[in-house]
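See below for target02.txt, which holds compact mmCIF, C-alpha atoms.
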```txt
# COMPACT_ATOMS: atom_id res chain seq x y z
CA MET A 255 5.97 -3.69 -0.10
CA MET A 256 2.83 -5.20 -1.53
CA ASP A 257 2.11 -8.61 -2.99
CA GLY A 258 1.05 -10.05 -6.30
CA ASN A 259 -2.63 -9.40 -5.60
CA VAL A 260 -1.98 -5.78 -6.56
CA LEU A 261 -0.96 -6.90 -10.08
CA ALA A 262 -4.46 -8.19 -10.84
CA GLY A 263 -5.62 -4.95 -12.45
CA PRO A 264 -2.42 -4.08 -14.33
CA LEU A 265 -2.13 -7.64 -15.73
CA ARG A 266 -5.83 -7.95 -16.48
CA GLU A 267 -5.41 -4.88 -18.64
CA LEU A 268 -3.13 -6.97 -20.87
CA PHE A 269 -4.50 -10.51 -20.63
CA ALA A 270 -7.93 -12.07 -20.99
CA VAL A 271 -7.44 -14.20 -17.88
CA ASP A 272 -6.49 -13.38 -14.29
CA VAL A 273 -2.76 -14.09 -14.21
CA THR A 274 -2.51 -13.66 -10.42
CA VAL A 275 -4.08 -17.11 -9.91
CA ALA A 276 -1.52 -18.75 -12.23
CA ASP A 277 1.01 -21.02 -10.55
CA GLY A 278 4.55 -20.10 -11.46
CA ARG A 279 7.91 -21.72 -10.90
CA CYS A 280 10.82 -19.50 -9.93
CA ALA A 281 13.83 -19.70 -12.23
CA GLY A 282 16.08 -18.95 -9.26
CA CYS A 283 15.07 -21.51 -6.66
CA GLY A 284 12.32 -23.59 -8.20
CA LEU A 285 9.67 -22.50 -5.70
CA ARG A 286 6.14 -22.94 -6.99
CA GLY A 287 3.35 -20.61 -6.07
CA PRO A 288 0.69 -18.28 -7.41
CA VAL A 289 1.65 -14.95 -8.92
CA ALA A 290 -0.51 -13.41 -6.14
CA SER A 291 2.06 -14.55 -3.55
CA LEU A 292 5.04 -12.70 -5.09
CA ARG A 293 6.58 -9.79 -3.16
CA VAL A 294 5.86 -6.67 -5.13
CA TYR A 295 7.78 -3.42 -4.97
CA GLY A 296 6.99 -0.16 -6.71
CA SER A 297 4.25 2.40 -6.66
CA GLU A 298 0.87 2.27 -8.22
CA ASP A 299 1.57 5.81 -9.42
CA GLY A 300 5.06 5.04 -10.64
CA PRO A 301 6.14 3.59 -13.94
CA GLY A 302 5.73 0.02 -12.80
CA PHE A 303 6.31 -2.91 -10.50
CA VAL A 304 9.03 -5.40 -9.68
CA ALA A 305 7.86 -8.77 -8.33
CA ARG A 306 10.30 -10.96 -6.41
CA CYS A 307 10.21 -14.59 -5.33
CA PRO A 308 9.18 -15.00 -1.67
CA GLY A 309 11.66 -17.89 -1.41
CA CYS A 310 14.91 -16.49 -2.83
CA ASP A 311 14.16 -12.82 -3.55
CA ALA A 312 15.08 -13.17 -7.23
CA VAL A 313 13.29 -10.87 -9.67
CA VAL A 314 10.46 -12.91 -11.18
CA LEU A 315 8.69 -10.32 -13.25
CA ARG A 316 8.71 -6.64 -14.03
CA LEU A 317 5.85 -4.67 -15.48
CA VAL A 318 6.25 -1.17 -16.80
CA ARG A 319 3.42 0.74 -18.37
CA GLY A 320 3.92 3.71 -20.63
CA PRO A 321 1.30 5.88 -22.30
CA ASP A 322 0.95 3.64 -25.35
CA ALA A 323 2.63 0.33 -24.48
CA ALA A 324 3.40 -1.99 -21.60
CA TRP A 325 6.64 -3.93 -21.07
CA LEU A 326 6.38 -7.26 -19.32
CA ASP A 327 9.68 -8.88 -18.36
CA LEU A 328 9.21 -12.49 -17.19
CA ARG A 329 12.89 -13.29 -16.65
CA GLY A 330 12.41 -15.18 -13.40
CA VAL A 331 9.61 -17.53 -14.25
CA VAL A 332 10.21 -20.95 -15.79
CA SER A 333 6.56 -21.57 -16.55
CA LEU A 334 3.09 -20.46 -15.60
CA ARG A 335 0.21 -22.86 -15.10
CA ILE A 336 -2.86 -20.85 -15.95
CA PRO A 337 -6.18 -22.37 -14.84
CA LEU A 338 -8.81 -22.28 -17.56
CA ALA A 339 -12.52 -21.96 -17.02
CA VAL A 340 -14.19 -25.30 -17.75
CA MET B 32 -22.79 -14.50 -15.48
CA ALA B 33 -22.19 -14.97 -19.19
CA ARG B 34 -21.45 -11.30 -19.53
CA ALA B 35 -18.92 -11.38 -16.71
CA ALA B 36 -17.17 -14.31 -18.38
CA VAL B 37 -16.76 -12.49 -21.70
CA SER B 38 -16.27 -8.98 -20.40
CA GLY B 39 -13.10 -8.61 -22.49
CA ARG B 40 -10.67 -5.83 -21.76
CA LEU B 41 -10.54 -4.27 -18.37
CA THR B 42 -11.63 -0.68 -18.67
CA TRP B 43 -12.01 2.31 -16.39
CA ARG B 44 -15.55 3.36 -15.57
CA VAL B 45 -16.69 6.57 -13.97
CA ALA B 46 -18.41 5.88 -10.65
CA ARG B 47 -20.06 8.35 -8.30
CA LEU B 48 -20.22 8.46 -4.54
CA ALA B 49 -23.79 7.53 -3.58
CA GLU B 50 -23.37 7.46 0.19
CA ALA B 51 -20.64 7.50 2.82
CA ARG B 52 -20.44 6.10 6.35
CA GLU B 53 -17.89 6.98 8.99
CA GLU B 54 -16.73 3.66 10.46
CA THR B 55 -14.08 4.89 12.90
CA ALA B 56 -12.22 8.16 13.45
CA THR B 57 -10.01 7.30 10.46
CA ALA B 58 -11.97 4.87 8.30
CA ARG B 59 -14.81 5.70 5.96
CA THR B 60 -16.98 3.46 3.82
CA LEU B 61 -17.76 4.70 0.32
CA VAL B 62 -20.86 3.34 -1.39
CA LEU B 63 -20.23 3.79 -5.11
CA ASP B 64 -22.69 3.87 -7.92
CA VAL B 65 -20.89 2.06 -10.74
CA PRO B 66 -22.69 1.72 -14.06
CA ASP B 67 -23.08 -1.90 -15.25
CA TRP B 68 -21.31 -3.44 -12.27
CA PRO B 69 -20.94 -7.14 -13.16
CA GLY B 70 -20.87 -8.39 -9.54
CA HIS B 71 -17.80 -9.71 -7.73
CA LEU B 72 -16.43 -12.41 -5.48
CA ALA B 73 -15.72 -11.77 -1.80
CA GLY B 74 -12.05 -10.80 -1.46
CA GLN B 75 -11.71 -9.15 -4.87
CA HIS B 76 -10.59 -5.55 -5.22
CA VAL B 77 -10.88 -2.61 -7.55
CA ASP B 78 -8.30 -0.18 -8.82
CA VAL B 79 -9.25 3.43 -8.19
CA ARG B 80 -7.87 6.38 -10.17
CA LEU B 81 -8.02 10.06 -9.34
CA THR B 82 -7.10 12.72 -11.87
CA ALA B 83 -6.25 16.27 -10.84
CA GLU B 84 -7.15 19.25 -12.98
CA ASP B 85 -3.57 19.46 -14.23
CA GLY B 86 -3.79 15.86 -15.46
CA TYR B 87 -1.76 14.32 -12.62
CA THR B 88 -3.15 10.93 -11.71
CA ALA B 89 -2.93 8.74 -8.62
CA GLN B 90 -3.98 5.13 -8.53
CA ARG B 91 -4.62 2.69 -5.66
CA SER B 92 -6.23 -0.69 -5.15
CA TYR B 93 -8.96 -1.05 -2.56
CA SER B 94 -10.67 -4.22 -1.44
CA LEU B 95 -14.39 -4.49 -1.93
CA ALA B 96 -16.10 -4.59 1.46
CA SER B 97 -19.56 -5.54 0.25
CA ALA B 98 -21.31 -8.65 -0.97
CA ALA B 99 -21.68 -8.90 -4.74
CA ASP B 100 -24.72 -6.74 -5.39
CA ARG B 101 -23.19 -3.40 -4.43
CA VAL B 102 -19.87 -1.63 -4.51
CA GLU B 103 -18.56 -0.51 -1.14
CA LEU B 104 -14.96 0.32 -0.29
CA THR B 105 -13.75 1.06 3.22
CA VAL B 106 -10.80 3.42 3.13
CA GLN B 107 -8.41 3.84 6.04
CA ARG B 108 -6.80 7.27 6.13
CA VAL B 109 -3.03 7.03 5.80
CA LEU B 110 -1.47 10.08 7.44
CA ASP B 111 0.95 11.09 4.71
CA GLY B 112 -1.14 9.45 2.00
CA GLU B 113 -1.89 11.07 -1.30
CA VAL B 114 -5.18 9.36 -2.08
CA SER B 115 -6.77 8.13 1.16
CA PRO B 116 -7.10 11.57 2.88
CA TYR B 117 -8.98 12.80 -0.18
CA LEU B 118 -11.32 9.81 -0.07
CA THR B 119 -11.93 9.98 3.70
CA ASP B 120 -12.14 13.77 4.12
CA THR B 121 -12.95 15.54 0.86
CA PHE B 122 -14.73 13.18 -1.56
CA LYS B 123 -18.44 13.99 -1.33
CA VAL B 124 -21.73 12.50 -2.49
CA GLY B 125 -22.11 12.93 -6.24
CA ASP B 126 -18.38 13.32 -6.91
CA PRO B 127 -16.91 11.17 -9.70
CA ILE B 128 -14.09 8.69 -9.43
CA GLU B 129 -12.68 6.18 -11.91
CA VAL B 130 -12.72 2.49 -11.01
CA ARG B 131 -11.81 -0.70 -12.81
CA GLY B 132 -12.62 -4.18 -11.68
CA PRO B 133 -13.46 -6.37 -10.00
CA VAL B 134 -9.99 -7.93 -10.20
CA GLY B 135 -8.02 -10.58 -8.34
CA GLY B 136 -9.14 -14.19 -8.30
CA TRP B 137 -6.78 -15.69 -5.72
CA PHE B 138 -7.65 -14.11 -2.37
CA VAL B 139 -11.34 -14.97 -2.70
CA TRP B 140 -13.92 -17.04 -0.90
CA ARG B 141 -16.80 -18.63 -2.78
CA PRO B 142 -20.02 -19.71 -1.04
CA ALA B 143 -19.68 -23.10 -2.77
CA ASP B 144 -16.40 -23.78 -0.90
CA THR B 145 -16.97 -26.34 1.84
CA ALA B 146 -13.92 -26.05 4.14
CA PRO B 147 -14.24 -24.25 7.46
CA VAL B 148 -12.77 -20.76 7.23
CA LEU B 149 -10.28 -18.92 9.41
CA LEU B 150 -10.04 -15.20 8.81
CA VAL B 151 -7.22 -13.26 10.43
CA ALA B 152 -7.26 -9.47 10.10
CA GLY B 153 -4.79 -6.82 11.14
CA GLY B 154 -6.25 -3.29 11.19
CA SER B 155 -7.96 -2.34 7.95
CA GLY B 156 -7.01 -5.76 6.59
CA VAL B 157 -10.45 -6.72 7.83
CA VAL B 158 -12.08 -5.18 4.73
CA PRO B 159 -11.87 -8.10 2.25
CA LEU B 160 -12.58 -10.52 5.12
CA MET B 161 -15.73 -8.56 5.93
CA ALA B 162 -16.79 -9.05 2.32
CA MET B 163 -16.45 -12.80 2.94
CA VAL B 164 -18.51 -12.59 6.15
CA ARG B 165 -21.17 -10.61 4.28
CA ALA B 166 -21.15 -12.98 1.29
CA ARG B 167 -21.58 -15.89 3.70
CA GLY B 168 -24.56 -14.10 5.26
CA ALA B 169 -26.05 -13.22 1.87
CA ALA B 170 -25.81 -16.87 0.78
CA ALA B 171 -27.24 -18.09 4.13
CA SER B 172 -24.17 -20.36 4.19
CA ARG B 173 -23.61 -22.65 7.16
CA ILE B 174 -19.87 -22.98 6.60
CA PRO B 175 -18.17 -22.38 9.97
CA PHE B 176 -16.30 -19.06 9.99
CA ARG B 177 -13.94 -17.70 12.62
CA LEU B 178 -12.58 -14.18 12.46
CA LEU B 179 -9.63 -13.10 14.60
CA TYR B 180 -9.40 -9.35 14.34
CA SER B 181 -6.38 -7.51 15.72
CA THR B 182 -6.48 -3.74 16.23
CA ARG B 183 -4.65 -1.32 18.48
CA THR B 184 -7.74 -0.38 20.50
CA PRO B 185 -11.48 -1.15 20.44
CA ASP B 186 -12.07 2.25 18.81
CA ASP B 187 -9.89 1.24 15.87
CA ALA B 188 -12.04 -1.78 15.02
CA ILE B 189 -14.10 -1.28 11.86
CA TYR B 190 -17.58 -2.87 11.55
CA SER B 191 -17.76 -3.68 15.30
CA GLU B 192 -21.51 -3.28 15.57
CA GLU B 193 -22.31 -5.22 12.42
CA LEU B 194 -19.94 -8.02 13.45
CA ALA B 195 -21.61 -8.25 16.86
CA ARG B 196 -25.02 -8.42 15.18
CA ARG B 197 -23.86 -11.07 12.71
CA VAL B 198 -22.38 -13.21 15.49
CA ARG B 199 -25.87 -13.21 17.00
CA ASP B 200 -27.80 -13.75 13.74
CA ASP B 201 -25.47 -15.56 11.30
CA HIS B 202 -25.18 -18.97 12.95
CA GLY B 203 -21.72 -20.49 12.80
CA LEU B 204 -19.79 -17.21 12.76
CA ASP B 205 -17.39 -16.47 15.62
CA VAL B 206 -15.52 -13.18 16.01
CA VAL B 207 -12.72 -12.50 18.46
CA HIS B 208 -11.20 -9.06 18.90
CA LEU B 209 -7.53 -8.91 19.88
CA TYR B 210 -5.99 -5.65 21.02
CA THR B 211 -2.36 -4.62 20.91
CA ARG B 212 -2.37 -1.29 22.80
CA SER B 213 -5.43 -1.02 25.01
CA ALA B 214 -8.29 -3.38 25.78
CA PRO B 215 -11.52 -3.03 27.72
CA PRO B 216 -11.13 -4.02 31.41
CA GLN B 217 -13.37 -7.08 30.97
CA ASP B 218 -11.08 -8.49 28.24
CA LYS B 219 -9.25 -11.28 30.05
CA ARG B 220 -6.72 -11.70 27.26
CA GLY B 221 -5.30 -8.24 27.81
CA ILE B 222 -3.12 -6.65 25.17
CA GLY B 223 -0.51 -8.13 22.90
CA ARG B 224 0.27 -9.13 19.36
CA LEU B 225 -1.50 -12.10 17.90
CA SER B 226 0.24 -15.20 19.23
CA VAL B 227 0.30 -18.93 18.76
CA ALA B 228 -1.85 -19.16 21.92
CA ASP B 229 -4.50 -16.95 20.27
CA LEU B 230 -4.56 -19.19 17.20
CA ALA B 231 -4.81 -22.28 19.39
CA ALA B 232 -7.61 -20.76 21.48
CA TRP B 233 -9.74 -19.27 18.69
CA GLY B 234 -8.57 -20.68 15.37
CA TRP B 235 -9.22 -24.12 13.85
CA PRO B 236 -6.95 -27.08 14.46
CA PRO B 237 -4.93 -27.89 11.32
CA GLU B 238 -6.57 -31.31 11.04
CA PHE B 239 -9.86 -29.56 10.28
CA GLU B 240 -8.10 -28.38 7.10
CA PRO B 241 -9.53 -24.86 7.21
CA ALA B 242 -9.10 -22.32 4.43
CA CYS B 243 -7.07 -19.53 6.04
CA PHE B 244 -7.21 -15.93 4.82
CA VAL B 245 -4.80 -13.43 6.37
CA CYS B 246 -4.88 -9.74 5.49
CA GLY B 247 -3.14 -6.73 6.99
CA PRO B 248 0.14 -4.85 6.96
CA THR B 249 3.09 -6.84 5.61
CA GLY B 250 4.72 -7.53 9.00
CA PHE B 251 1.44 -8.74 10.50
CA VAL B 252 0.66 -11.01 7.55
CA GLU B 253 4.10 -12.61 7.52
CA ALA B 254 4.06 -13.19 11.28
CA VAL B 255 0.61 -14.77 11.22
CA ALA B 256 1.35 -16.91 8.16
CA ASP B 257 4.50 -18.21 9.90
CA LEU B 258 2.52 -19.01 13.06
CA LEU B 259 -0.06 -20.93 11.03
CA VAL B 260 2.60 -22.95 9.21
CA ASP B 261 4.40 -23.68 12.50
CA ALA B 262 1.07 -24.83 13.97
CA GLY B 263 0.79 -27.39 11.17
CA HIS B 264 -1.46 -25.70 8.62
CA ASP B 265 -0.76 -26.60 4.99
CA PRO B 266 0.83 -23.53 3.34
CA GLN B 267 -1.37 -24.20 0.31
CA ARG B 268 -4.43 -23.47 2.45
CA ILE B 269 -3.08 -20.14 3.66
CA LYS B 270 -3.89 -17.17 1.44
CA THR B 271 -2.42 -13.80 2.22
CA GLU B 272 -2.91 -10.21 1.13
CA ARG B 273 -0.54 -7.45 2.21
CA PHE B 274 -0.83 -3.73 1.98
CA GLY B 275 2.43 -1.85 2.42
CA GLY B 276 3.83 -1.22 5.87
```

Exercise: express the given structure as structure tokens:
Amino acid sequence: MMDGNVLAGPLRELFAVDVTVADGRCAGCGLRGPVASLRVYGSEDGPGFVARCPGCDAVVLRLVRGPDAAWLDLRGVVSLRIPLAV
Amino acid sequence: MARAAVSGRLTWRVARLAEAREETATARTLVLDVPDWPGHLAGQHVDVRLTAEDGYTAQRSYSLASAADRVELTVQRVLDGEVSPYLTDTFKVGDPIEVRGPVGGWFVWRPADTAPVLLVAGGSGVVPLMAMVRARGAAASRIPFRLLYSTRTPDDAIYSEELARRVRDDHGLDVVHLYTRSAPPQDKRGIGRLSVADLAAWGWPPEFEPACFVCGPTGFVEAVADLLVDAGHDPQRIKTERFGG
């Protein structure tokens, strides 16, 4: 098991900002916390990652990368607060 | 600075091994020559990708060990690992490797931060924390830093000599080694897992509102984070990074 810090590269490949610092709210239990603190399962060599809530273990996000597209499933997050550079 | 802010898409770059240092029997520091490195924050990491001749690729993240001006990774050999034995035993000066980064903006320390800092490392979890110690030194920061570093034996501790030197020269830095399997005879603490007594003896009291950074294997990180919360530290001030295990 890893944590959301490991998603920094894979998510930064898709987004212009670092999503691991974003504060999310779990759709399962309402826990708030940064994406970096999620429990992450999967292999860096495998097709992708599953990130679970550290509070209730619900699936928060899944990221699968294929050769020409990435699938991002955000089923377990109510909202993300993404800090912006000022 | 401006370039880092508008760097756009994250791309793989081909780096080359410029120099290597053996840190312990199983840990090796790789000094990489990365074209157009934009600099990084202490605690950030890079993704590393190896490609075999048949096209098979393996990818890992490694914490940056160095202050911002150079790219150094310290790799701990994992016995049945697919990537680390190559990097510790086979990868030689001049060989190419793909890297992308720096990435990760959460588990970072900035020299402008003013809170006292508690660093707690388990094994090779010391690597991103060493980057913070080095960044503090590079900035001539006077922010009080305490590092509690747990390893099995003294021989397993990475950066021992440099840490001892920095404790002498970088005023306001304290380092305590904690051993779980064997300790030198003069170590009055003896052996044992990091405990609430260790945090009370060598950490900061919660009312000092320190920024806590904990890095190591998953079990170690969760145990230490729980001890810190039980001791009264605000969970929002505790940042963790886990690697497997």

Exercise: range 256-267 of chain A partners within 6 Å, all atoms listed in the file, chain neighbours under 3 positions left out, as a VMD selection string: (chain A and resid 272 274 289 to 294) or (chain B and resid 41 134 to 135 273 to 275)

So which one's closest to Arg167 in chain B, B:Ala73, B:Ala242, B:Val109, B:Ala56? Using all atoms listed in the file, please. B:Ala73

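From CA of Thr105 in chain B back to CA of Ile222 in chain B, the distance works out to 25.6 Å.
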
For the interface of chain B with chain A (cut-off 9 Å, counting all atoms listed in the file), please tabulate each contacting residue of chain B alongside its nearest pair of atoms and their separation in Å to one decimal, rows sorted by chain and increasing number, as CSV.
```
residue,atom,partner,partner_atom,distance
B:Val37,CA,A:Ala270,CA,8.9
B:Ser38,CA,A:Ala270,CA,8.9
B:Gly39,CA,A:Ala270,CA,6.4
B:Arg40,CA,A:Glu267,CA,6.2
B:Leu41,CA,A:Glu267,CA,5.2
B:Thr42,CA,A:Glu267,CA,7.5
B:His76,CA,A:Val260,CA,8.7
B:Val77,CA,A:Gly263,CA,7.6
B:Asp78,CA,A:Gly263,CA,6.6
B:Thr88,CA,A:Asp299,CA,7.3
B:Ala89,CA,A:Asp299,CA,5.4
B:Gln90,CA,A:Glu298,CA,5.6
B:Arg91,CA,A:Glu298,CA,6.1
B:Ser92,CA,A:Val260,CA,6.8
B:Arg131,CA,A:Gly263,CA,7.5
B:Gly132,CA,A:Gly263,CA,7.1
B:Pro133,CA,A:Gly263,CA,8.3
B:Val134,CA,A:Ala262,CA,5.6
B:Gly135,CA,A:Ala262,CA,5.0
B:Gly136,CA,A:Val275,CA,6.1
B:Trp137,CA,A:Val275,CA,5.2
B:Phe138,CA,A:Asn259,CA,7.6
B:Pro248,CA,A:Met256,CA,8.9
B:Thr249,CA,A:Met255,CA,7.1
B:Gln267,CA,A:Gly287,CA,8.7
B:Lys270,CA,A:Ser291,CA,8.2
B:Thr271,CA,A:Ser291,CA,7.3
B:Glu272,CA,A:Asp257,CA,6.7
B:Arg273,CA,A:Met256,CA,5.5
B:Phe274,CA,A:Met256,CA,5.3
B:Gly275,CA,A:Met255,CA,4.7
B:Gly276,CA,A:Met255,CA,6.8
```

Selected residues written out, C-alpha atoms, as a PDB file, keeping the file's coordinate frame:
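File written: out23.pdb
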```
ATOM      1  CA  VAL B  37     -16.760 -12.490 -21.700  1.00  0.00           C
ATOM      2  CA  SER B  38     -16.270  -8.980 -20.400  1.00  0.00           C
ATOM      3  CA  GLY B  39     -13.100  -8.610 -22.490  1.00  0.00           C
ATOM      4  CA  ARG B  40     -10.670  -5.830 -21.760  1.00  0.00           C
ATOM      5  CA  LEU B  41     -10.540  -4.270 -18.370  1.00  0.00           C
ATOM      6  CA  THR B  42     -11.630  -0.680 -18.670  1.00  0.00           C
ATOM      7  CA  HIS B  76     -10.590  -5.550  -5.220  1.00  0.00           C
ATOM      8  CA  VAL B  77     -10.880  -2.610  -7.550  1.00  0.00           C
ATOM      9  CA  ASP B  78      -8.300  -0.180  -8.820  1.00  0.00           C
ATOM     10  CA  THR B  88      -3.150  10.930 -11.710  1.00  0.00           C
ATOM     11  CA  ALA B  89      -2.930   8.740  -8.620  1.00  0.00           C
ATOM     12  CA  GLN B  90      -3.980   5.130  -8.530  1.00  0.00           C
ATOM     13  CA  ARG B  91      -4.620   2.690  -5.660  1.00  0.00           C
ATOM     14  CA  SER B  92      -6.230  -0.690  -5.150  1.00  0.00           C
ATOM     15  CA  ARG B 131     -11.810  -0.700 -12.810  1.00  0.00           C
ATOM     16  CA  GLY B 132     -12.620  -4.180 -11.680  1.00  0.00           C
ATOM     17  CA  PRO B 133     -13.460  -6.370 -10.000  1.00  0.00           C
ATOM     18  CA  VAL B 134      -9.990  -7.930 -10.200  1.00  0.00           C
ATOM     19  CA  GLY B 135      -8.020 -10.580  -8.340  1.00  0.00           C
ATOM     20  CA  GLY B 136      -9.140 -14.190  -8.300  1.00  0.00           C
ATOM     21  CA  TRP B 137      -6.780 -15.690  -5.720  1.00  0.00           C
ATOM     22  CA  PHE B 138      -7.650 -14.110  -2.370  1.00  0.00           C
ATOM     23  CA  PRO B 248       0.140  -4.850   6.960  1.00  0.00           C
ATOM     24  CA  THR B 249       3.090  -6.840   5.610  1.00  0.00           C
ATOM     25  CA  GLN B 267      -1.370 -24.200   0.310  1.00  0.00           C
ATOM     26  CA  LYS B 270      -3.890 -17.170   1.440  1.00  0.00           C
ATOM     27  CA  THR B 271      -2.420 -13.800   2.220  1.00  0.00           C
ATOM     28  CA  GLU B 272      -2.910 -10.210   1.130  1.00  0.00           C
ATOM     29  CA  ARG B 273      -0.540  -7.450   2.210  1.00  0.00           C
ATOM     30  CA  PHE B 274      -0.830  -3.730   1.980  1.00  0.00           C
ATOM     31  CA  GLY B 275       2.430  -1.850   2.420  1.00  0.00           C
ATOM     32  CA  GLY B 276       3.830  -1.220   5.870  1.00  0.00           C
TER      33      GLY B 276
END
```

Could you check the closest approach to Val79 in chain B for each of B:Val206, B:Ala51, B:Val114, B:Ala232 and tell me which residue wins, using all atoms listed in the file? B:Val114

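For the pair CA of Leu209 in chain B and CA of Leu61 in chain B, the interatomic distance is 25.9 Å.
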
Leaving out Val151 in chain B and any residue of its chain fewer than 6 positions from it, which residues lie within 6 Å of it when counting only C-alpha atoms, given as a PyMOL selection string? chain B and resi 178-180+245

List the residues sitting within 12 Å of (-5.4, -7.6, 20.0) in the file's frame, using all atoms listed in the file, as a PDB file with C-alpha atoms, in the frame of the given file.
```pdb
ATOM      1  CA  VAL B 151      -7.220 -13.260  10.430  1.00  0.00           C
ATOM      2  CA  ALA B 152      -7.260  -9.470  10.100  1.00  0.00           C
ATOM      3  CA  GLY B 153      -4.790  -6.820  11.140  1.00  0.00           C
ATOM      4  CA  GLY B 154      -6.250  -3.290  11.190  1.00  0.00           C
ATOM      5  CA  LEU B 179      -9.630 -13.100  14.600  1.00  0.00           C
ATOM      6  CA  TYR B 180      -9.400  -9.350  14.340  1.00  0.00           C
ATOM      7  CA  SER B 181      -6.380  -7.510  15.720  1.00  0.00           C
ATOM      8  CA  THR B 182      -6.480  -3.740  16.230  1.00  0.00           C
ATOM      9  CA  ARG B 183      -4.650  -1.320  18.480  1.00  0.00           C
ATOM     10  CA  THR B 184      -7.740  -0.380  20.500  1.00  0.00           C
ATOM     11  CA  PRO B 185     -11.480  -1.150  20.440  1.00  0.00           C
ATOM     12  CA  ASP B 186     -12.070   2.250  18.810  1.00  0.00           C
ATOM     13  CA  ASP B 187      -9.890   1.240  15.870  1.00  0.00           C
ATOM     14  CA  ALA B 188     -12.040  -1.780  15.020  1.00  0.00           C
ATOM     15  CA  VAL B 207     -12.720 -12.500  18.460  1.00  0.00           C
ATOM     16  CA  HIS B 208     -11.200  -9.060  18.900  1.00  0.00           C
ATOM     17  CA  LEU B 209      -7.530  -8.910  19.880  1.00  0.00           C
ATOM     18  CA  TYR B 210      -5.990  -5.650  21.020  1.00  0.00           C
ATOM     19  CA  THR B 211      -2.360  -4.620  20.910  1.00  0.00           C
ATOM     20  CA  ARG B 212      -2.370  -1.290  22.800  1.00  0.00           C
ATOM     21  CA  SER B 213      -5.430  -1.020  25.010  1.00  0.00           C
ATOM     22  CA  ALA B 214      -8.290  -3.380  25.780  1.00  0.00           C
ATOM     23  CA  PRO B 215     -11.520  -3.030  27.720  1.00  0.00           C
ATOM     24  CA  ASP B 218     -11.080  -8.490  28.240  1.00  0.00           C
ATOM     25  CA  LYS B 219      -9.250 -11.280  30.050  1.00  0.00           C
ATOM     26  CA  ARG B 220      -6.720 -11.700  27.260  1.00  0.00           C
ATOM     27  CA  GLY B 221      -5.300  -8.240  27.810  1.00  0.00           C
ATOM     28  CA  ILE B 222      -3.120  -6.650  25.170  1.00  0.00           C
ATOM     29  CA  GLY B 223      -0.510  -8.130  22.900  1.00  0.00           C
ATOM     30  CA  ARG B 224       0.270  -9.130  19.360  1.00  0.00           C
ATOM     31  CA  LEU B 225      -1.500 -12.100  17.900  1.00  0.00           C
ATOM     32  CA  SER B 226       0.240 -15.200  19.230  1.00  0.00           C
ATOM     33  CA  ASP B 229      -4.500 -16.950  20.270  1.00  0.00           C
ATOM     34  CA  LEU B 230      -4.560 -19.190  17.200  1.00  0.00           C
ATOM     35  CA  PHE B 251       1.440  -8.740  10.500  1.00  0.00           C
TER      36      PHE B 251
END
```

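Among the candidate residues A:Arg279, A:Arg329, A:Arg335, A:Arg286, the one lying nearest to Val314 in chain A is A:Arg329, with distances computed using only C-alpha atoms.
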
Near Pro142 in chain B, counting all atoms listed in the file, which residues have an atom at most 8 Å away, once you skip same-chain residues fewer than 2 positions from it, shown as a ChimeraX atom specification? /B:140,144-145,166-167,170,172

Could you write those residues out with C-alpha atoms, as a compact mmCIF listing (two decimals), in the coordinates of the input?
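Result file is again-v1.txt:
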```txt
# COMPACT_ATOMS: atom_id res chain seq x y z
CA TRP B 140 -13.92 -17.04 -0.90
CA ASP B 144 -16.40 -23.78 -0.90
CA THR B 145 -16.97 -26.34 1.84
CA ALA B 166 -21.15 -12.98 1.29
CA ARG B 167 -21.58 -15.89 3.70
CA ALA B 170 -25.81 -16.87 0.78
CA SER B 172 -24.17 -20.36 4.19
```

Within 10 Å of (5.9, -2.6, -17.4), only C-alpha atoms: residues as an MDAnalysis selection string? chainID A and resid 264:265 301:304 315:320 323:327

C-alpha atoms of the current selection, written as a compact mmCIF listing (two decimals), keeping the file's coordinate frame:
```txt
# COMPACT_ATOMS: atom_id res chain seq x y z
CA PRO A 264 -2.42 -4.08 -14.33
CA LEU A 265 -2.13 -7.64 -15.73
CA PRO A 301 6.14 3.59 -13.94
CA GLY A 302 5.73 0.02 -12.80
CA PHE A 303 6.31 -2.91 -10.50
CA VAL A 304 9.03 -5.40 -9.68
CA LEU A 315 8.69 -10.32 -13.25
CA ARG A 316 8.71 -6.64 -14.03
CA LEU A 317 5.85 -4.67 -15.48
CA VAL A 318 6.25 -1.17 -16.80
CA ARG A 319 3.42 0.74 -18.37
CA GLY A 320 3.92 3.71 -20.63
CA ALA A 323 2.63 0.33 -24.48
CA ALA A 324 3.40 -1.99 -21.60
CA TRP A 325 6.64 -3.93 -21.07
CA LEU A 326 6.38 -7.26 -19.32
CA ASP A 327 9.68 -8.88 -18.36
```

Could you tell me how far CA of Gly309 in chain A sits from CA of Leu285 in chain A, in Å to one decimal place?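 These two atoms are separated by 6.6 Å.
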
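Here the question is which of B:Ala171, B:Val260, B:Val252, B:Val164 gets nearest to Pro236 in chain B using all atoms listed in the file, and that residue is B:Val260.
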
Restricting to only C-alpha atoms, whichever of A:Gly282, A:Asp277, A:Val332, A:Pro337 is closest to Arg306 in chain A is A:Gly282
